[in-house]
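Printed here is model_31.cif (mmCIF, C-alpha atoms):
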data_entry
loop_
_atom_site.group_PDB
_atom_site.id
_atom_site.type_symbol
_atom_site.label_atom_id
_atom_site.label_comp_id
_atom_site.auth_asym_id
_atom_site.auth_seq_id
_atom_site.Cartn_x
_atom_site.Cartn_y
_atom_site.Cartn_z
ATOM 1 C CA GLN G 1 -13.793 -16.163 0.854
ATOM 2 C CA HIS G 2 -11.144 -15.000 -1.616
ATOM 3 C CA GLY G 3 -10.265 -11.307 -1.700
ATOM 4 C CA PHE G 4 -8.718 -9.268 -4.503
ATOM 5 C CA THR G 5 -7.767 -5.637 -5.088
ATOM 6 C CA VAL G 6 -8.940 -3.204 -7.753
ATOM 7 C CA ARG G 7 -5.961 -1.008 -8.618
ATOM 8 C CA SER G 8 -5.235 2.176 -10.511
ATOM 9 C CA SER G 9 -3.662 1.924 -13.937
ATOM 10 C CA VAL G 10 -2.444 5.545 -13.929
ATOM 11 C CA ALA G 11 0.375 7.098 -11.926
ATOM 12 C CA HIS G 12 -1.400 10.323 -10.950
ATOM 13 C CA GLY G 13 -4.990 11.458 -11.170
ATOM 14 C CA ILE G 14 -8.248 12.295 -9.426
ATOM 15 C CA LEU G 15 -10.672 9.409 -8.814
ATOM 16 C CA ARG G 16 -14.057 10.532 -10.129
ATOM 17 C CA SER G 17 -16.136 7.361 -9.876
ATOM 18 C CA ILE G 18 -16.082 3.614 -9.230
ATOM 19 C CA ASP G 19 -18.600 1.869 -11.464
ATOM 20 C CA ARG G 20 -19.806 -1.734 -11.486
ATOM 21 C CA ASP G 21 -20.534 -3.328 -14.843
ATOM 22 C CA PRO G 22 -24.336 -3.794 -14.888
ATOM 23 C CA GLY G 23 -23.924 -6.796 -17.175
ATOM 24 C CA PHE G 24 -22.007 -8.749 -14.518
ATOM 25 C CA ASP G 25 -23.829 -10.842 -11.923
ATOM 26 C CA TRP G 26 -22.811 -9.297 -8.602
ATOM 27 C CA ASP G 27 -24.789 -11.751 -6.470
ATOM 28 C CA GLY G 28 -22.522 -13.173 -3.791
ATOM 29 C CA VAL G 29 -19.738 -10.673 -4.486
ATOM 30 C CA THR G 30 -18.684 -8.256 -1.754
ATOM 31 C CA VAL G 31 -17.325 -4.867 -2.830
ATOM 32 C CA VAL G 32 -15.567 -2.490 -0.444
ATOM 33 C CA THR G 33 -14.523 1.110 -1.119
ATOM 34 C CA ALA G 34 -13.253 3.874 1.143
ATOM 35 C CA ALA G 35 -16.902 4.620 1.997
ATOM 36 C CA GLU G 36 -17.115 1.279 3.875
ATOM 37 C CA ILE G 37 -14.373 2.052 6.384
ATOM 38 C CA PRO G 38 -16.000 1.732 9.843
ATOM 39 C CA ALA G 39 -17.256 4.787 11.686
ATOM 40 C CA GLY G 40 -14.476 5.864 14.012
ATOM 41 C CA GLY G 41 -11.864 4.407 11.703
ATOM 42 C CA LYS G 42 -9.493 6.458 9.591
ATOM 43 C CA ASN G 43 -8.708 5.898 5.927
ATOM 44 C CA THR G 44 -4.993 5.506 6.472
ATOM 45 C CA ILE G 45 -2.290 2.874 6.780
ATOM 46 C CA ARG G 46 -0.586 4.181 9.890
ATOM 47 C CA LEU G 47 3.153 3.838 10.300
ATOM 48 C CA LEU G 48 5.248 6.954 10.889
ATOM 49 C CA GLU G 49 2.817 9.343 9.228
ATOM 50 C CA ASP G 50 -0.818 9.072 8.170
ATOM 51 C CA ASP G 51 0.076 9.841 4.567
ATOM 52 C CA GLN G 52 -1.090 6.726 2.714
ATOM 53 C CA PRO G 53 -4.772 5.879 2.298
ATOM 54 C CA ALA G 54 -6.024 2.339 2.684
ATOM 55 C CA LEU G 55 -8.243 2.958 -0.357
ATOM 56 C CA VAL G 56 -8.355 6.048 -2.571
ATOM 57 C CA PRO G 57 -11.691 7.804 -1.862
ATOM 58 C CA LEU G 58 -13.942 9.399 -4.458
ATOM 59 C CA GLY G 59 -12.502 12.798 -5.247
ATOM 60 C CA GLY G 60 -9.162 11.681 -3.835
ATOM 61 C CA ARG G 61 -5.827 11.711 -5.585
ATOM 62 C CA ILE G 62 -4.179 8.602 -7.002
ATOM 63 C CA ARG G 63 -0.428 8.856 -6.502
ATOM 64 C CA HIS G 64 1.046 5.755 -8.092
ATOM 65 C CA VAL G 65 0.292 2.957 -10.525
ATOM 66 C CA ASP G 66 -1.377 -0.027 -8.808
ATOM 67 C CA GLU G 67 -2.632 2.048 -5.863
ATOM 68 C CA ALA G 68 -5.543 0.274 -4.174
ATOM 69 C CA VAL G 69 -8.944 1.784 -4.967
ATOM 70 C CA ALA G 70 -11.503 -0.949 -4.167
ATOM 71 C CA LEU G 71 -11.701 -4.517 -2.872
ATOM 72 C CA VAL G 72 -13.793 -7.516 -3.894
ATOM 73 C CA ALA G 73 -14.405 -10.917 -2.343
ATOM 74 C CA ALA G 74 -16.414 -14.006 -3.226
ATOM 75 C CA ALA G 75 -16.612 -17.621 -2.115
ATOM 76 C CA ASP G 76 -15.406 -18.754 -5.533
ATOM 77 C CA GLU G 77 -11.897 -17.560 -6.392
ATOM 78 C CA ARG G 78 -12.530 -17.377 -10.141
ATOM 79 C CA ARG G 79 -15.680 -15.340 -9.583
ATOM 80 C CA ALA G 80 -13.827 -12.904 -7.339
ATOM 81 C CA ARG G 81 -11.065 -12.483 -9.928
ATOM 82 C CA ALA G 82 -13.651 -11.910 -12.632
ATOM 83 C CA ALA G 83 -15.390 -9.247 -10.539
ATOM 84 C CA VAL G 84 -12.197 -7.173 -10.427
ATOM 85 C CA GLY G 85 -12.279 -6.899 -14.203
ATOM 86 C CA HIS G 86 -15.875 -5.664 -14.134
ATOM 87 C CA ILE G 87 -15.186 -2.619 -11.973
ATOM 88 C CA ARG G 88 -14.433 0.521 -13.962
ATOM 89 C CA LEU G 89 -12.485 3.448 -12.536
ATOM 90 C CA ASP G 90 -13.122 6.910 -13.921
ATOM 91 C CA VAL G 91 -9.887 8.809 -13.322
ATOM 92 C CA GLU G 92 -9.007 12.332 -14.396
ATOM 93 C CA PRO G 93 -5.319 12.054 -15.311
ATOM 94 C CA LEU G 94 -2.804 14.518 -13.901
ATOM 95 C CA PRO G 95 0.853 15.055 -14.876
ATOM 96 C CA ALA G 96 3.069 12.394 -13.343
ATOM 97 C CA ILE G 97 6.581 12.626 -11.938
ATOM 98 C CA PHE G 98 9.026 9.763 -12.502
ATOM 99 C CA THR G 99 12.487 11.166 -11.727
ATOM 100 C CA ILE G 100 14.171 12.939 -8.829
ATOM 101 C CA GLU G 101 15.018 15.856 -11.114
ATOM 102 C CA ASP G 102 11.400 16.318 -12.159
ATOM 103 C CA SER G 103 10.273 16.044 -8.548
ATOM 104 C CA LEU G 104 12.608 18.837 -7.464
ATOM 105 C CA ALA G 105 11.541 21.041 -10.365
ATOM 106 C CA ARG G 106 7.786 20.439 -10.401
ATOM 107 C CA ALA G 107 4.813 21.459 -8.292
ATOM 108 C CA VAL G 108 4.642 20.207 -4.733
ATOM 109 C CA LEU G 109 2.923 16.854 -4.217
ATOM 110 C CA LEU G 110 3.858 16.258 -0.586
ATOM 111 C CA HIS G 111 5.894 17.522 2.337
ATOM 112 C CA GLY G 112 5.493 21.246 2.672
ATOM 113 C CA GLU G 113 7.472 23.538 0.388
ATOM 114 C CA ASP G 114 8.925 20.836 -1.873
ATOM 115 C CA ASN G 115 8.785 17.118 -2.548
ATOM 116 C CA VAL G 116 11.683 16.253 -0.236
ATOM 117 C CA PHE G 117 10.671 13.848 2.505
ATOM 118 C CA LYS G 118 13.703 14.240 4.762
ATOM 119 C CA ARG G 119 16.947 16.217 4.850
ATOM 120 C CA PHE G 120 20.146 15.329 6.703
ATOM 121 C CA GLU G 121 23.331 17.350 7.041
ATOM 122 C CA LEU G 122 26.471 15.518 8.121
ATOM 123 C CA HIS G 123 29.634 17.164 9.469
ATOM 124 C CA LYS G 124 32.860 15.204 9.981
ATOM 125 C CA GLY G 125 36.462 16.301 10.104
ATOM 126 C CA GLY G 126 37.940 19.750 9.565
ATOM 127 C CA ASP G 127 37.949 22.227 6.680
ATOM 128 C CA VAL G 128 36.557 20.321 3.707
ATOM 129 C CA GLU G 129 37.223 23.048 1.134
ATOM 130 C CA ALA G 130 40.849 23.372 2.236
ATOM 131 C CA ALA G 131 41.352 19.629 2.058
ATOM 132 C CA LEU G 132 39.912 19.503 -1.455
ATOM 133 C CA ALA G 133 42.088 22.425 -2.558
ATOM 134 C CA ALA G 134 45.195 20.645 -1.273
ATOM 135 C CA ALA G 135 44.327 17.284 -2.807
ATOM 136 C CA ALA G 136 46.385 16.050 -5.747
ATOM 137 C CA VAL G 137 43.302 14.582 -7.406
ATOM 138 C CA VAL G 138 39.599 15.298 -6.850
ATOM 139 C CA ILE G 139 37.091 12.820 -8.272
ATOM 140 C CA GLU G 140 33.436 13.746 -8.511
ATOM 141 C CA GLY G 141 30.603 11.570 -9.683
ATOM 142 C CA SER G 142 26.898 10.854 -9.584
ATOM 143 C CA TYR G 143 25.739 7.331 -8.841
ATOM 144 C CA ARG G 144 22.311 5.761 -9.227
ATOM 145 C CA THR G 145 20.807 2.558 -7.883
ATOM 146 C CA GLY G 146 17.660 0.886 -9.139
ATOM 147 C CA ALA G 147 14.733 -0.425 -7.156
ATOM 148 C CA GLN G 148 15.308 -3.806 -5.503
ATOM 149 C CA GLU G 149 12.719 -6.566 -5.146
ATOM 150 C CA GLN G 150 13.019 -8.672 -1.981
ATOM 151 C CA MET G 151 11.759 -11.846 -3.736
ATOM 152 C CA TYR G 152 10.771 -13.621 -0.506
ATOM 153 C CA ILE G 153 9.706 -17.250 -0.822
ATOM 154 C CA GLU G 154 5.945 -16.813 -0.418
ATOM 155 C CA PRO G 155 4.177 -13.662 -1.625
ATOM 156 C CA GLN G 156 2.197 -11.275 0.576
ATOM 157 C CA GLY G 157 -0.756 -13.045 2.140
ATOM 158 C CA MET G 158 -3.142 -12.373 5.036
ATOM 159 C CA LEU G 159 -6.346 -13.909 6.393
ATOM 160 C CA ALA G 160 -8.893 -11.982 8.464
ATOM 161 C CA ARG G 161 -11.974 -13.021 10.407
ATOM 162 C CA TRP G 162 -14.273 -11.342 12.898
ATOM 163 C CA GLU G 163 -15.678 -12.661 16.166
ATOM 164 C CA GLY G 164 -18.247 -10.105 17.219
ATOM 165 C CA GLU G 165 -16.467 -6.754 17.318
ATOM 166 C CA ARG G 166 -12.977 -8.245 17.463
ATOM 167 C CA CYS G 167 -10.901 -8.821 14.328
ATOM 168 C CA PHE G 168 -8.295 -11.571 14.012
ATOM 169 C CA VAL G 169 -5.647 -11.442 11.276
ATOM 170 C CA VAL G 170 -2.876 -13.919 10.520
ATOM 171 C CA GLY G 171 -0.311 -13.915 7.768
ATOM 172 C CA SER G 172 3.251 -13.757 6.548
ATOM 173 C CA LEU G 173 4.780 -10.736 8.266
ATOM 174 C CA GLN G 174 7.797 -9.457 10.146
ATOM 175 C CA CYS G 175 6.401 -6.864 12.553
ATOM 176 C CA PRO G 176 3.078 -7.788 14.182
ATOM 177 C CA TYR G 177 3.012 -4.579 16.211
ATOM 178 C CA TYR G 178 3.205 -2.508 13.017
ATOM 179 C CA VAL G 179 0.116 -4.316 11.744
ATOM 180 C CA HIS G 180 -1.630 -3.961 15.101
ATOM 181 C CA LYS G 181 -0.981 -0.209 15.197
ATOM 182 C CA ALA G 182 -2.217 0.256 11.633
ATOM 183 C CA LEU G 183 -5.369 -1.823 12.005
ATOM 184 C CA LYS G 184 -6.395 -0.042 15.213
ATOM 185 C CA ALA G 185 -6.400 3.256 13.307
ATOM 186 C CA LEU G 186 -8.105 1.850 10.217
ATOM 187 C CA LEU G 187 -10.841 -0.010 12.116
ATOM 188 C CA GLY G 188 -11.249 2.576 14.884
ATOM 189 C CA CYS G 189 -10.863 0.022 17.671
ATOM 190 C CA ALA G 190 -9.085 -0.286 20.998
ATOM 191 C CA ASP G 191 -5.939 -2.342 21.629
ATOM 192 C CA ASP G 192 -7.883 -5.560 22.182
ATOM 193 C CA GLY G 193 -10.157 -4.960 19.172
ATOM 194 C CA VAL G 194 -7.680 -6.545 16.789
ATOM 195 C CA VAL G 195 -5.453 -9.589 17.293
ATOM 196 C CA VAL G 196 -2.460 -10.080 14.967
ATOM 197 C CA GLU G 197 -0.707 -13.421 14.566
ATOM 198 C CA GLN G 198 2.489 -14.013 12.638
ATOM 199 C CA ALA G 199 2.414 -17.198 10.584
ATOM 200 C CA ALA G 200 5.580 -19.065 9.663
ATOM 201 C CA THR G 201 7.339 -16.554 7.428
ATOM 202 C CA GLY G 202 9.511 -17.859 4.631
ATOM 203 C CA GLY G 203 11.295 -14.594 4.018
ATOM 204 C CA GLY G 204 10.768 -10.874 4.265
ATOM 205 C CA PHE G 205 14.010 -8.868 3.995
ATOM 206 C CA GLY G 206 12.095 -5.716 4.897
ATOM 207 C CA GLY G 207 9.324 -6.359 2.395
ATOM 208 C CA LYS G 208 7.054 -7.716 5.114
ATOM 209 C CA GLU G 209 7.642 -5.048 7.729
ATOM 210 C CA GLU G 210 4.979 -2.459 6.924
ATOM 211 C CA TYR G 211 3.176 -3.779 3.845
ATOM 212 C CA PRO G 212 1.236 -6.501 5.712
ATOM 213 C CA SER G 213 -0.589 -3.593 7.361
ATOM 214 C CA MET G 214 -2.044 -2.763 3.950
ATOM 215 C CA ILE G 215 -3.105 -6.256 2.880
ATOM 216 C CA GLY G 216 -4.168 -7.117 6.442
ATOM 217 C CA GLY G 217 -6.332 -4.014 6.582
ATOM 218 C CA HIS G 218 -7.901 -4.860 3.243
ATOM 219 C CA ALA G 219 -8.664 -8.418 4.344
ATOM 220 C CA ALA G 220 -10.195 -7.095 7.580
ATOM 221 C CA LEU G 221 -12.454 -4.642 5.721
ATOM 222 C CA LEU G 222 -13.629 -7.352 3.335
ATOM 223 C CA ALA G 223 -14.259 -9.875 6.118
ATOM 224 C CA ARG G 224 -16.281 -7.312 8.059
ATOM 225 C CA ARG G 225 -18.397 -6.458 5.039
ATOM 226 C CA ALA G 226 -18.815 -10.061 3.855
ATOM 227 C CA GLY G 227 -19.548 -11.481 7.312
ATOM 228 C CA ALA G 228 -17.121 -14.317 6.603
ATOM 229 C CA PRO G 229 -13.371 -14.986 6.821
ATOM 230 C CA VAL G 230 -11.441 -13.587 3.867
ATOM 231 C CA LYS G 231 -7.978 -14.454 2.656
ATOM 232 C CA MET G 232 -5.934 -12.343 0.307
ATOM 233 C CA ILE G 233 -2.853 -13.852 -1.323
ATOM 234 C CA TYR G 234 -1.079 -11.897 -4.037
ATOM 235 C CA ASP G 235 0.270 -13.711 -7.038
ATOM 236 C CA ARG G 236 3.898 -12.955 -7.815
ATOM 237 C CA ASP G 237 3.154 -10.415 -10.549
ATOM 238 C CA GLU G 238 0.908 -8.358 -8.271
ATOM 239 C CA ASP G 239 3.369 -8.607 -5.406
ATOM 240 C CA ILE G 240 6.234 -7.306 -7.534
ATOM 241 C CA ALA G 241 4.147 -4.543 -9.115
ATOM 242 C CA ALA G 242 2.200 -3.211 -6.145
ATOM 243 C CA THR G 243 4.144 -3.667 -2.896
ATOM 244 C CA THR G 244 6.952 -1.655 -1.344
ATOM 245 C CA LYS G 245 10.592 -2.113 -2.393
ATOM 246 C CA ARG G 246 13.980 -0.723 -1.655
ATOM 247 C CA HIS G 247 13.529 2.444 -3.680
ATOM 248 C CA PRO G 248 15.837 3.702 -6.406
ATOM 249 C CA ALA G 249 18.287 6.380 -5.315
#
Translate this structure into structure tokens?
Amino acid sequence: QHGFTVRSSVAHGILRSIDRDPGFDWDGVTVVTAAEIPAGGKNTIRLLEDDQPALVPLGGRIRHVDEAVALVAAADERRARAAVGHIRLDVEPLPAIFTIEDSLARAVLLHGEDNVFKRFELHKGGDVEAALAAAAVVIEGSYRTGAQEQMYIEPQGMLARWEGERCFVVGSLQCPYYVHKALKALLGCADDGVVVEQAATGGGFGGKEEYPSMIGGHAALLARRAGAPVKMIYDRDEDIAATTKRHPA
């Protein structure tokens, strides 16, 4: 079957409901939300911290545009695509933050007392202030870099199938053990409950290190619910819009 993702169109908000259009024929269409995550599993994409949900739950907070909220699958690709457009998200908008300056000045979203993820202090050499005072010229500046898209040859794509209680996933990825670690937490299974295979990968450049855990987890949830193998392959627009990048700085 073909799987697709229902995504948020707002940057920040509270998810109030996920509604199916009653005028659409849902026969043969599988829909998965956070409520369908297996018992014993955890709604998270595990990497360093459990701070990113696999799917935003009802009452949960949406934290970026194109965040995954629900999944659909159908045997016919066009029907699955159409189903995405017939799912309505009721979201209560919240103020959004788009710059570092606003993040430092606004209410805390993450990470304790502020919105800073990590702090480093570097010491090298002797008395910095004395050296600056003795310098003939001191140049100060602020520099910004934009986000960078990896633009790998093939977009993100994963296929999942179940044999009994064991899940098999295969796709374009760089770090199979990242995916294995994430899927164990999401599916609530032991080490041998999920098998991850790396297909021939035509490029990654960091973009296929951790993100295949997300799309692989989504494919696994859909395949479990549908009772059939499910493949998810992003088109280029979705890949650019929704997946991780080298962030602006």
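Using the PyMOL selection byres ((chain G and resi 172-184) around 7) on this structure selects Ile45, Arg46, Leu47, Gln156, Gly157, Met158, Gly171, Ala185, Leu186, Leu187, Gly188, Cys189, Ala190, Asp191, Val194, Val196, Glu197, Gln198, Ala199, Ala200, Thr201, Gly204, Lys208, Glu209, Glu210, Pro212, Ser213 and Gly217 of chain G.
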Radius query 12 Å about (-3.3, 13.3, -18.8), atoms used: only C-alpha atoms, as a VMD selection string:
chain G and resid 10 to 14 91 to 96
Using the selection just defined, write its residues with C-alpha atoms as a PDB file, keeping the file's coordinate frame.
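Saved result, result.pdb, follows:
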ATOM      1  CA  VAL G  10      -2.444   5.545 -13.929  1.00  0.00           C
ATOM      2  CA  ALA G  11       0.375   7.098 -11.926  1.00  0.00           C
ATOM      3  CA  HIS G  12      -1.400  10.323 -10.950  1.00  0.00           C
ATOM      4  CA  GLY G  13      -4.990  11.458 -11.170  1.00  0.00           C
ATOM      5  CA  ILE G  14      -8.248  12.295  -9.426  1.00  0.00           C
ATOM      6  CA  VAL G  91      -9.887   8.809 -13.322  1.00  0.00           C
ATOM      7  CA  GLU G  92      -9.007  12.332 -14.396  1.00  0.00           C
ATOM      8  CA  PRO G  93      -5.319  12.054 -15.311  1.00  0.00           C
ATOM      9  CA  LEU G  94      -2.804  14.518 -13.901  1.00  0.00           C
ATOM     10  CA  PRO G  95       0.853  15.055 -14.876  1.00  0.00           C
ATOM     11  CA  ALA G  96       3.069  12.394 -13.343  1.00  0.00           C
TER      12      ALA G  96
END
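Here CA of Ala242 (chain G) is placed at a distance of 13.1 Å from CA of Met151 (chain G).
Our summary of the geometry notes that CA of Gln150 (chain G) is positioned 6.1 Å from CA of Phe205 (chain G).
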The PyMOL selection byres ((chain G and resi 109) around 12) on the file shown: which residues, as a short mmCIF file (atom, residue, chain, number, x, y, z; two decimals) with C-alpha atoms, keeping the file's coordinate frame?
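As written to disk, part-v2.cif reads:
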data_model
loop_
_atom_site.label_atom_id
_atom_site.label_comp_id
_atom_site.auth_asym_id
_atom_site.auth_seq_id
_atom_site.Cartn_x
_atom_site.Cartn_y
_atom_site.Cartn_z
CA HIS G 12 -1.40 10.32 -10.95
CA GLY G 13 -4.99 11.46 -11.17
CA ASP G 51 0.08 9.84 4.57
CA ARG G 61 -5.83 11.71 -5.58
CA ILE G 62 -4.18 8.60 -7.00
CA ARG G 63 -0.43 8.86 -6.50
CA HIS G 64 1.05 5.76 -8.09
CA LEU G 94 -2.80 14.52 -13.90
CA PRO G 95 0.85 15.06 -14.88
CA ALA G 96 3.07 12.39 -13.34
CA ILE G 97 6.58 12.63 -11.94
CA ASP G 102 11.40 16.32 -12.16
CA SER G 103 10.27 16.04 -8.55
CA LEU G 104 12.61 18.84 -7.46
CA ALA G 105 11.54 21.04 -10.36
CA ARG G 106 7.79 20.44 -10.40
CA ALA G 107 4.81 21.46 -8.29
CA VAL G 108 4.64 20.21 -4.73
CA LEU G 110 3.86 16.26 -0.59
CA HIS G 111 5.89 17.52 2.34
CA GLY G 112 5.49 21.25 2.67
CA GLU G 113 7.47 23.54 0.39
CA ASP G 114 8.93 20.84 -1.87
CA ASN G 115 8.78 17.12 -2.55
CA VAL G 116 11.68 16.25 -0.24
CA PHE G 117 10.67 13.85 2.50
#
Hey, what comes out of the PyMOL selection byres ((chain G and resi 80) around 12) on this file? Could you write it as a PyMOL selection string?
chain G and resi 1-6+24-31+71-79+81-87+230-232
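Pairwise distance (CA of Arg16 (chain G), CA of Gly60 (chain G)) equals 8.1 Å.
Near (-18.7, -1.5, -16.0), the residues that fall inside 7 Å on the basis of only C-alpha atoms are Asp19, Arg20, Asp21, Pro22, His86, Ile87 and Arg88 of chain G.
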Using all atoms listed in the file, which residues sit within 9 Å of Glu36 (chain G) once same-chain residues fewer than 4 positions away are excluded, as a VMD selection string?
chain G and resid 32 221 225
Using all atoms of region 155-173 of chain G listed in the file and a margin of 6 Å per side, can you give the axis-aligned box centre and edge lengths in Å to one decimal, as JSON?
{"center_x": -6.7, "center_y": -10.3, "center_z": 7.9, "size_x": 35.0, "size_y": 19.2, "size_z": 31.1}
If we count all atoms listed in the file and set the cut-off at 10 Å, which residues sit around region 137-144 of chain G, ignoring sequence neighbours fewer than 5 positions away in its own chain? Please answer as an mmCIF file with C-alpha atoms, in the coordinates of the input.
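part.cif was written with the following content:
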data_model
loop_
_atom_site.group_PDB
_atom_site.id
_atom_site.type_symbol
_atom_site.label_atom_id
_atom_site.label_comp_id
_atom_site.auth_asym_id
_atom_site.auth_seq_id
_atom_site.Cartn_x
_atom_site.Cartn_y
_atom_site.Cartn_z
ATOM 1 C CA LEU G 132 39.912 19.503 -1.455
ATOM 2 C CA PRO G 248 15.837 3.702 -6.406
ATOM 3 C CA ALA G 249 18.287 6.380 -5.315
#
Between G:Ala241, G:Val128, G:Ala134, G:Val169, single out the one closest to Pro155 (chain G), counting all atoms listed in the file.
G:Ala241
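Residue nearest Ala68 (chain G) within the list G:His218, G:Gly126, G:Gly202, G:Glu101: G:His218 [criterion: smallest interatomic distance, all atoms listed in the file].
If only C-alpha atoms are the atoms counted, then among G:Gly207, G:Gly164, G:Gly146, G:Gly216 the closest residue to Asp239 (chain G) is G:Gly207.
Take the candidates G:Ala135, G:Ile18, G:Cys167, G:Ile153 and check each one against Leu222 (chain G) using all atoms listed in the file; the shortest distance goes to G:Cys167.
Using all atoms listed in the file, the smallest distance between any of G:Ala34, G:Ile215, G:Ile233, G:Ala136 and Glu154 (chain G) comes from G:Ile233.
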